[in-house]
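Participant: Structure provided below as structure tokens; questions to follow.
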Amino acid sequence: MSPATTDHGGKGAMTATDIQIAICGSAGDGTIAAGNILRNALATAGYRVISFDVYPPEIRGFGKCISRLRITTEQAYSLKEKSDCLISLDDSHTIPHVGEVRDFGAVIFEAKPVAQVPEGGHITAHVRPGQIPYGFSIREISEQATSSNRSRNVVALAIMAGLFGLDKGPFRQTIDSTFGKKNKKVAEVNLDAFETGYAVGAATFKLDSVKFGPPGKSVRQGKVTILSGNAATVRGLLDAGIDCYFGYPITPATSIMERLAVEMPKRGKRLLQTEDEISAIAATVGAGYAGARAATATSGPGLALMMEMLGLGTIAEVPAVVLVSQRGGPSTGMPTKTEQSDLNAAVYGSHGDSPRIVIAPTNVEGCYRCAGKAFEMAEAYQTPVIVLLDLYLSNRYETVVLANEAPFNPDCNKRWRRTERDEVYRRFAASDDQISARAIPGDEGGMHVVTGLEHNELGRPNDTPEIHTAMSVKRHDKLKAALRHPDFTICKRFGDDGPIDVGLLGWGSTFGECLEAMFMARAEGIRCAAMKVVMLSPFPADPVAEFMDDCKAVLVPELNFQGQFARLVQAELARPVVPLAKVSCGPMRVEDIVEEIRRLAAQVHQPLAAE
Amino acid sequence: MPDTTPAATAPHYVIIGVGVSGSQAAAELRDHDRTARITIITASRLPFYQRYDLPRVFNGVHDWRTFMVHQPGYYSDNRITLRRDTRVGGIDAKNRLLHLTHKETVHYDKLLVASGGRPYVPEHLVDYRRLMFGWGSFEDAMAVRQALPDGGHALLLGGDMIGLDLARTLIATGHRVTLVAGEHSFWPHQVPATERPKYLAALQALGLELLEEGDLGGIVAVEQSVAGLPARRVVFGDGSDLHGDVVMPFFGLAPQVEFMAGAGPDIERGLLVQRSLRTTDEHIYAAGNVCQIWSEKDRRYKFYNGWKNVRLMGSVAAANMTGGSDEFRSNPDAEALRLDDQGRIQSPFWEYQ
């Protein structure tokens, strides 16, 4: 596959099943757990699932949790604007979200709350006339089935499953495997709760227009799994042969370390939780210098702490992989809210001219590929590689199809081997591709100096203008080859070919919304295409410029205030784009993008005012 | 344009019931008072829909939205809060509070009870309710549609005008209908004994098979049939029986006023109201099949049925709740049953909009 590719395929006919279910409750209600059961059950049943949870920074007893799942039989790229069904486990948190349910969708809620409800505080005061309210005695059903109200989440889920006529089998299987691991009795209790709730739902006259079709054939065939972005990242790291991991916990990257801590020892690999992010990056660069495939993961605040050592990695030409899952900032900011505001830090961060490779997957499958490919690139171009994730991508689950064989090259080193007895090893020797042959400690005759100081070919400190210029050129130019890295898509065009009215340039998790918006715009007759840009540094100027040549207007939707990617594009290409920069504490709204596309499409067709 | 945002002091009109009278009242309340808060509370999961049209489920109309009277946007456009799947547990008339069964209390300034009636089932048949199909809602209608096979046999007990309307559609759609006629036949019309035979004959001319309950010693049981026969069996006092796929009681409507017990306003069978539709509580009104209205002529409280009467009640109640002094005057046409030139039954009860 060429690095920059084009996909002419659009969305086919209307999907047989395209349903979004939202579960909302308070921390401690089991909202996320119910979402997990639903996600796994429907994936087991053979549907494609995209899910994303929103939860508060506090552990329990505060704040709102929402689990949203989009269930489809064809590929979907983001959550939908409107849900088809909303399950309330806590009206006070759910009421603000009632408007997210489409007309003739379902709202399932507790009809017999325990405590007195203030006037207007019950969800029935807020369900829209077009929506169908389904009140059930969820707590009572749970108590009758299990002698406890702790299974309210499972009961509510079961009522929904019964109401929509979903197959019980995958739910039973998921509940059994989820709870049975801890305690068989807990699994049995929850299965009882599920059966009772399911019967209530199945006996309820269905008035909504939510219809599940059978799972799609294509999903049933092949090696299909459901993974979160972070889980896919971990699998990519493992499949690419990670040797060492050093990290310090931080939301939303922590689960990368948690998963690796389970998996790496099984493979004889090492993971160390360091005392802070500075140590983590220092150890990662050190391990890279020693020839290991080493990685660390962090979020924006941790990335800030890593900047100095990233500079060392750049000047010392040491491979290192840094996974950065962005969240709302600056400072501690909003640890549980997604944002794409660390692009500048990732691309430009660190002192001096400090080029590095920055890649940003756009979906869960991309997380897998980027994590594995990051090791290849770090080795091949002897530099730190940042994989830029964000909370929305880290925490969202998608049904993905993974290749049976890991698609990663286990060794991309340009290794130095002594060929003559008295050969002097020049660690930073000039070459056509500006990538010097690399010896690692212990290689015979490969002894050399590595320092954070500017250096000559031997690695010895040298601050003459000639050397600094030559080395600066070397460090920048060698990265250009990354734009042709084998089996890696640096950018890709979707939608209409040829000249178009509005082109979307998207990156990271927001690209799913860009694609959905593009499909909607095309359905409205607007000539539209979208290009995802996976490699942010070095910037793929040629294919992006080629794409922009076709566009009358270029829109850049992203989740940050400054329009960081839009500025990057303008700086690289000196061409205007229209930024759509939002800091909405959640994923970009598809409708917001579509509205902007409509506006731009109308603008480009407007006749010029008469002189 | 005048500001129509409800002020904190704007009165709160609460209507219980989203049938013809409740919905009419809500619309007219909004016309009379642009700033008031208006809330409709109903146990139904659906917004106002045309119950009179329900026989159309046998004409292939299976989407409830077809019966919907207003588009969903109507309620927000008119700032009417519609609370469905919501039940009133009791009323504290002294403090003007509604107690909802989900432990919420709602304050009202003026309350209109328009909760309608539920199908009445005579006491001797109450135990067999689970073997019979009701006909009070879209859900009921679809349940009958599902249970009654094409060309199947429906047994209609009683034969009020709601049931006879359904019978007309069932016959037209190829079903067999047997009416077990009795004292409630033609309800709410009161047919003199002398005229009854000609109306029954008119029904037979429509294609109904007719039995007189009195001739058979009354209905004593409704049972599940044995395998191989239609699903239900009606047993009569003389030992005879009748099989059918569905059994449906049509004995008129009983007002739904249980939640008003002990609230204060006088109740006989329904809520007793003056012609202003005000109950004995100055803040509570009633309209529709739930109320009995004082008739000066008859010197008693009477039920007035049929959509024209019920809708008029909604209008009168709304006018008076907002300070008017209207009186309910029954439309005589709305109560007349007659045979036309071709001997067909004509009832204003069937002529709905």
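The chains in the structure tokens are called A, B, ... from first to last as shown; in each chain the residues are counted from 1, and the ligands are counted from 1 in the order shown.
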Could you give me, as a tab-separated table, every stretch 325-427 of chain A residue with an atom at most 12 Å from stretch 456-463 of chain A, plus its closest atom pair and distance in Å to one decimal, counting only C-alpha atoms, rows ordered by chain then number?

Facilitator:
residue	atom	partner	partner_atom	distance
A:Val424	CA	A:Leu458	CA	8.7
A:Tyr425	CA	A:Leu458	CA	7.1
A:Arg426	CA	A:Leu458	CA	4.6
A:Arg427	CA	A:Leu458	CA	5.6

Participant: Could you give me, as a list in words, the residues within 6 Å of A:Asp501, counting only C-alpha atoms and dropping anything in the same chain fewer than 4 positions from it?

Facilitator: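 These residues fall inside the cut-off: Arg527, Cys528, Cys551, Lys552 and Ala601 of chain A.
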
Participant: Put those residues in a file: C-alpha atoms, as a PDB file, in the first residue's frame.

Facilitator:
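Contents of out_32.pdb, freshly written:
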ATOM      1  CA  ARG A 527     -19.312  17.453  -3.361  1.00  0.00           C
ATOM      2  CA  CYS A 528     -17.165  16.595  -0.440  1.00  0.00           C
ATOM      3  CA  CYS A 551     -10.901  21.679  -2.718  1.00  0.00           C
ATOM      4  CA  LYS A 552     -12.642  24.992  -3.095  1.00  0.00           C
ATOM      5  CA  ALA A 601     -20.500  24.842   0.190  1.00  0.00           C
TER       6      ALA A 601
END

Participant: Do a neighbour search on stretch 186-188 of chain A at 12 Å with only C-alpha atoms, toss out local chain neighbours closer than 4 positions, and write the hits as a VMD selection string.

Facilitator: chain A and resid 145 to 146 148 150 to 151 154 171 to 182 192 to 195

Participant: Of the candidates B:Trp64, B:Tyr13, B:Tyr128, B:Trp187, which one gets nearest to B:Val220 if we count only C-alpha atoms?

Facilitator: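 Looking at the shortest contact to B:Val220, the residue is B:Tyr128.
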
Participant: Run DSSP on the backbone and tell me which residues of stretch 203-353 of chain B come out as strand (DSSP E); list them as a ChimeraX atom specification.

Facilitator: /B:209-212,219-224,232-236,241-244,246-249,253-255,271-273,284-286,291-295,300-302,338-339,345-346
